[in-house]
Structures are given as C-alpha cells and as structure tokens.
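Worksheet for the structure shown next.
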Amino acid sequence: MATNVELRRIGPGDVDALAVADPRLAADAAQQAHVGELLASDLSWAAFEGGRPVGFAIVTRHFYGFPFVDLLVVAEAARRRGIGAALMARCEAAHRADRIFTSTNESNAPMRALLDREGWSPCGVIHYLDPGDPELVFVKLRTKW
C-alpha cells in the first residue's frame, strides 16, 4: 500500500466525506442515511490520501453479534494499490471476536480475489437477494478450529 495513506476511524458525521470516494453515495440520499446508520456502530474505517478519502470499510455487529464488513469501497482511481486489503486488515484487527464475516456477490470477482488473497474462507451462500447473482458469505478466523 502507498505509504501516504492514513487509516482513520469514521462515524456518522463522515458520510459526506465518504461520498468523495464513492460517487454513488453522493447521488443517493437514501443510501447516505443508511450508511450513516451503519456508521453509528463506531467500528468503521476510512483510508485518506492527501487528506481526501480514497476508500472505506463499514463494520457492524448485526450478523449474529459478530463483526461483519457490510461495505468495502475503494475509489476507482485508487484501486489495485492495496487500500482494500489494508482496510480489511484494519477491520480484522479492531475487534476481539475470534472471527469476522463479510459477503459479496458471486459476480464481484475483484472482491472475491481480495478475500482469497487475504485468507478469508467461504462459509455460505444466500440466494435471492440479487436474483441470478448469489451472495457469498466469507469468514476470517483469528485462530484455527
């Protein structure tokens, strides 16, 4: 990862700043409200480069009480530089649970590749969230079972 990237904890007051990294967020008031609610968990992180957000990871505990990376976004211009991996690693390190979960659509090859490289294991499939594109669930265990 580039050395000039700083990871910082983020909360509900950071929604507008995150829209810099995710233009879809800037264009959708309902999504902004939803992200603000998720950020209230106070478990989320953003990557900043030159003071501007270039990515973020939102973590909650809505998945059976375990940390769950609900959303990982890296600005298009900042991709393929390790920022997503750094954010996921920070999310893993920021909790005491023996495991952390995330999910992604089967069609999201870049996220699936990142999870594979970083040692996440597939652990489930949810059908019918996005018809024809199953949601794949992954876990990262802190210790071997």
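In the structure tokens, each chain is lettered A, B, ... as it comes, each chain's residues begin at 1, and ligands are numbered from 1 in order of appearance.
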Give me every strand (DSSP E or B) residue in stretch 1-77 of chain A, going by DSSP on the backbone, as a VMD selection string. chain A and resid 5 to 10 44 to 49 52 to 63 66 to 74
Selection export as a compact mmCIF listing (two decimals), in the first residue's frame, atoms kept: C-alpha atoms:
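Just written: result12.txt:
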# COMPACT_ATOMS: atom_id res chain seq x y z
CA VAL A 5 -2.35 6.53 3.00
CA GLU A 6 -3.66 7.01 6.53
CA LEU A 7 -6.37 4.81 8.08
CA ARG A 8 -8.78 6.57 10.46
CA ARG A 9 -11.85 5.54 12.40
CA ILE A 10 -15.05 7.05 10.99
CA SER A 44 -15.64 1.54 10.66
CA TRP A 45 -12.51 2.85 8.96
CA ALA A 46 -11.54 5.06 6.04
CA ALA A 47 -8.35 5.44 4.06
CA PHE A 48 -7.20 9.01 3.42
CA GLU A 49 -4.61 10.15 0.93
CA ARG A 52 -9.08 13.07 0.91
CA PRO A 53 -10.91 9.78 1.50
CA VAL A 54 -9.96 7.14 -1.07
CA GLY A 55 -11.82 4.22 0.50
CA PHE A 56 -13.76 2.99 3.47
CA ALA A 57 -14.96 -0.15 5.21
CA ILE A 58 -18.16 -0.18 7.25
CA VAL A 59 -18.36 -2.76 10.03
CA THR A 60 -21.37 -3.64 12.16
CA ARG A 61 -22.30 -6.39 14.59
CA HIS A 62 -25.68 -7.15 13.03
CA PHE A 63 -24.56 -10.62 11.85
CA PHE A 66 -20.09 -10.95 15.10
CA PRO A 67 -18.20 -8.17 13.32
CA PHE A 68 -19.38 -8.01 9.72
CA VAL A 69 -17.82 -5.87 6.98
CA ASP A 70 -21.05 -4.58 5.43
CA LEU A 71 -19.43 -2.45 2.78
CA LEU A 72 -15.94 -2.01 1.36
CA VAL A 73 -15.43 0.79 -1.16
CA VAL A 74 -12.21 1.99 -2.79
Would you list the contacts of stretch 107-116 of chain A as a JSON list (two decimals) with N, CA, C and O atoms, in the first residue's frame, taking every protein, DNA or RNA residue within 7 Å and counting only C-alpha atoms, but skipping same-chain residues closer than 4 positions in sequence?
[["chain", "number", "residue", "atom", "x", "y", "z"],
["A", 85, "ALA", "N", -7.24, -4.14, 0.85],
["A", 85, "ALA", "CA", -6.64, -5.12, 1.76],
["A", 85, "ALA", "C", -6.27, -4.49, 3.09],
["A", 85, "ALA", "O", -6.47, -5.08, 4.15],
["A", 120, "TRP", "N", -9.47, -15.21, 3.63],
["A", 120, "TRP", "CA", -10.87, -15.39, 4.03],
["A", 120, "TRP", "C", -11.38, -16.69, 3.43],
["A", 120, "TRP", "O", -11.00, -17.07, 2.32],
["A", 133, "ASP", "N", -27.59, -13.72, -8.99],
["A", 133, "ASP", "CA", -26.25, -13.36, -8.54],
["A", 133, "ASP", "C", -26.15, -13.61, -7.04],
["A", 133, "ASP", "O", -26.27, -12.69, -6.23]]
Might you pull out every residue within 7 Å of stretch 88-98 of chain A, with only C-alpha atoms counted and same-chain residues fewer than 5 positions away left off, and present them as a tab-separated table (two decimals) with C-alpha atoms, in the first residue's frame?
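After the write, out.tsv holds the following:
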chain	number	residue	atom	x	y	z
A	66	PHE	CA	-20.09	-10.95	15.10
A	141	LEU	CA	-10.88	-16.86	11.70
A	142	ARG	CA	-8.49	-15.46	14.24
A	143	THR	CA	-7.49	-18.97	15.33
As a CSV table (one decimal) with C-alpha atoms, in the first residue's frame, please: the residues near stretch 11-17 of chain A (cut-off 6 Å, only C-alpha atoms, same-chain neighbours under 2 positions excluded).
chain,number,residue,atom,x,y,z
A,19,ALA,CA,-19.1,10.5,-0.9
A,20,VAL,CA,-15.7,11.7,-2.3
A,36,GLY,CA,-25.0,7.0,8.5
A,39,LEU,CA,-21.6,4.1,10.9
A,40,ALA,CA,-23.2,4.6,14.3
A,42,ASP,CA,-18.4,3.0,15.6
Between A:Glu76, A:Gly119, A:Arg81, A:Leu43, which has the minimum distance to A:Asp22 (counting only C-alpha atoms)?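 Result for the nearest residue to A:Asp22: A:Glu76.
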From the DSSP assignment of the backbone, select every residue of stretch 6-142 of chain A that is helix (DSSP H, G or I), and format the answer as number ranges by chain. A: 12-18, 23-26, 29-39, 76-78, 83-93, 109-117
Can those selected residues be exported to a file as a compact mmCIF listing (two decimals), in the first residue's frame so that it contains N, CA and C atoms?
# COMPACT_ATOMS: atom_id res chain seq x y z
N PRO A 12 -20.83 8.50 11.99
CA PRO A 12 -21.96 9.06 11.23
C PRO A 12 -21.70 10.44 10.64
N GLY A 13 -20.88 11.24 11.28
CA GLY A 13 -20.59 12.58 10.77
C GLY A 13 -19.70 12.60 9.54
N ASP A 14 -19.22 11.43 9.13
CA ASP A 14 -18.30 11.36 7.99
C ASP A 14 -18.96 10.98 6.67
N VAL A 15 -20.27 10.84 6.65
CA VAL A 15 -20.96 10.38 5.44
C VAL A 15 -20.65 11.28 4.25
N ASP A 16 -20.72 12.58 4.42
CA ASP A 16 -20.46 13.49 3.29
C ASP A 16 -19.04 13.33 2.76
N ALA A 17 -18.08 13.16 3.65
CA ALA A 17 -16.69 12.98 3.21
C ALA A 17 -16.52 11.68 2.43
N LEU A 18 -17.23 10.63 2.83
CA LEU A 18 -17.10 9.34 2.16
C LEU A 18 -17.61 9.39 0.73
N PRO A 23 -18.90 8.00 -5.54
CA PRO A 23 -19.86 8.93 -6.17
C PRO A 23 -21.31 8.44 -6.11
N ARG A 24 -21.53 7.12 -6.07
CA ARG A 24 -22.90 6.60 -5.95
C ARG A 24 -23.52 7.03 -4.63
N LEU A 25 -22.71 7.11 -3.60
CA LEU A 25 -23.20 7.56 -2.29
C LEU A 25 -23.62 9.02 -2.36
N ALA A 26 -22.85 9.83 -3.06
CA ALA A 26 -23.16 11.26 -3.18
C ALA A 26 -24.50 11.48 -3.87
N ALA A 29 -29.60 9.93 -1.54
CA ALA A 29 -29.89 10.37 -0.17
C ALA A 29 -30.29 9.21 0.73
N ALA A 30 -31.04 8.25 0.19
CA ALA A 30 -31.45 7.09 1.00
C ALA A 30 -30.23 6.26 1.40
N GLN A 31 -29.29 6.09 0.48
CA GLN A 31 -28.06 5.35 0.80
C GLN A 31 -27.22 6.12 1.81
N GLN A 32 -27.18 7.44 1.71
CA GLN A 32 -26.45 8.25 2.69
C GLN A 32 -27.03 8.04 4.09
N ALA A 33 -28.35 8.03 4.20
CA ALA A 33 -28.99 7.82 5.50
C ALA A 33 -28.67 6.43 6.03
N HIS A 34 -28.71 5.44 5.14
CA HIS A 34 -28.42 4.06 5.54
C HIS A 34 -26.97 3.93 6.02
N VAL A 35 -26.04 4.51 5.28
CA VAL A 35 -24.63 4.46 5.66
C VAL A 35 -24.42 5.18 7.00
N GLY A 36 -25.09 6.29 7.19
CA GLY A 36 -25.00 7.00 8.47
C GLY A 36 -25.43 6.13 9.63
N GLU A 37 -26.51 5.37 9.44
CA GLU A 37 -26.98 4.44 10.49
C GLU A 37 -25.95 3.35 10.75
N LEU A 38 -25.37 2.80 9.70
CA LEU A 38 -24.36 1.75 9.87
C LEU A 38 -23.12 2.28 10.58
N LEU A 39 -22.75 3.51 10.28
CA LEU A 39 -21.56 4.10 10.89
C LEU A 39 -21.73 4.35 12.39
N GLU A 76 -12.35 4.49 -7.49
CA GLU A 76 -11.86 3.87 -8.73
C GLU A 76 -10.41 4.23 -9.03
N ALA A 77 -10.03 5.47 -8.85
CA ALA A 77 -8.66 5.91 -9.15
C ALA A 77 -7.63 5.37 -8.17
N ALA A 78 -8.07 4.83 -7.03
CA ALA A 78 -7.15 4.35 -6.00
C ALA A 78 -7.08 2.82 -5.93
N ILE A 83 -5.24 -0.74 -0.92
CA ILE A 83 -6.04 0.01 0.04
C ILE A 83 -7.18 -0.86 0.58
N GLY A 84 -7.84 -1.62 -0.29
CA GLY A 84 -8.91 -2.51 0.17
C GLY A 84 -8.39 -3.54 1.16
N ALA A 85 -7.24 -4.14 0.85
CA ALA A 85 -6.64 -5.12 1.76
C ALA A 85 -6.27 -4.49 3.09
N ALA A 86 -5.73 -3.27 3.05
CA ALA A 86 -5.36 -2.58 4.29
C ALA A 86 -6.59 -2.28 5.13
N LEU A 87 -7.67 -1.85 4.49
CA LEU A 87 -8.90 -1.58 5.24
C LEU A 87 -9.46 -2.86 5.85
N MET A 88 -9.47 -3.95 5.10
CA MET A 88 -9.97 -5.21 5.64
C MET A 88 -9.10 -5.68 6.81
N ALA A 89 -7.79 -5.54 6.69
CA ALA A 89 -6.89 -5.94 7.78
C ALA A 89 -7.14 -5.09 9.02
N ARG A 90 -7.39 -3.80 8.83
CA ARG A 90 -7.67 -2.92 9.98
C ARG A 90 -8.97 -3.31 10.64
N CYS A 91 -9.97 -3.66 9.85
CA CYS A 91 -11.24 -4.12 10.41
C CYS A 91 -11.05 -5.39 11.24
N GLU A 92 -10.24 -6.31 10.72
CA GLU A 92 -9.95 -7.55 11.45
C GLU A 92 -9.28 -7.26 12.79
N ALA A 93 -8.31 -6.36 12.78
CA ALA A 93 -7.52 -6.07 13.98
C ALA A 93 -8.28 -5.27 15.02
N ALA A 109 -15.82 -10.33 -8.91
CA ALA A 109 -14.53 -11.02 -8.97
C ALA A 109 -13.41 -10.29 -8.25
N PRO A 110 -13.31 -8.95 -8.33
CA PRO A 110 -12.21 -8.28 -7.60
C PRO A 110 -12.30 -8.49 -6.08
N MET A 111 -13.49 -8.41 -5.52
CA MET A 111 -13.64 -8.62 -4.07
C MET A 111 -13.36 -10.07 -3.71
N ARG A 112 -13.83 -10.99 -4.51
CA ARG A 112 -13.56 -12.41 -4.24
C ARG A 112 -12.06 -12.69 -4.29
N ALA A 113 -11.35 -12.07 -5.23
CA ALA A 113 -9.89 -12.25 -5.32
C ALA A 113 -9.19 -11.67 -4.10
N LEU A 114 -9.63 -10.49 -3.66
CA LEU A 114 -9.05 -9.87 -2.46
C LEU A 114 -9.25 -10.79 -1.25
N LEU A 115 -10.45 -11.30 -1.07
CA LEU A 115 -10.73 -12.18 0.07
C LEU A 115 -9.88 -13.44 0.02
N ASP A 116 -9.71 -14.01 -1.16
CA ASP A 116 -8.88 -15.20 -1.31
C ASP A 116 -7.43 -14.89 -0.96
N ARG A 117 -6.90 -13.79 -1.49
CA ARG A 117 -5.50 -13.40 -1.19
C ARG A 117 -5.27 -13.17 0.29
Under the rule that only C-alpha atoms are counted, which of A:Tyr64, A:Asp28, A:Thr104, A:Asn4 is the nearest residue to A:Leu129?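 For A:Leu129, the nearest of the candidates is A:Thr104.
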Go ahead and compute the interatomic distance for atom CA of A:Arg99 and atom CA of A:Gly124, in Å to one decimal.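 We find that atom CA of A:Arg99 and atom CA of A:Gly124 lie 14.5 Å from each other.
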Using only C-alpha atoms, find the one residue out of A:Pro134, A:Ile126, A:Ser121, A:Arg80 that sits nearest to A:Asn105.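 When distances to A:Asn105 are compared using only C-alpha atoms, the smallest one comes from A:Pro134.
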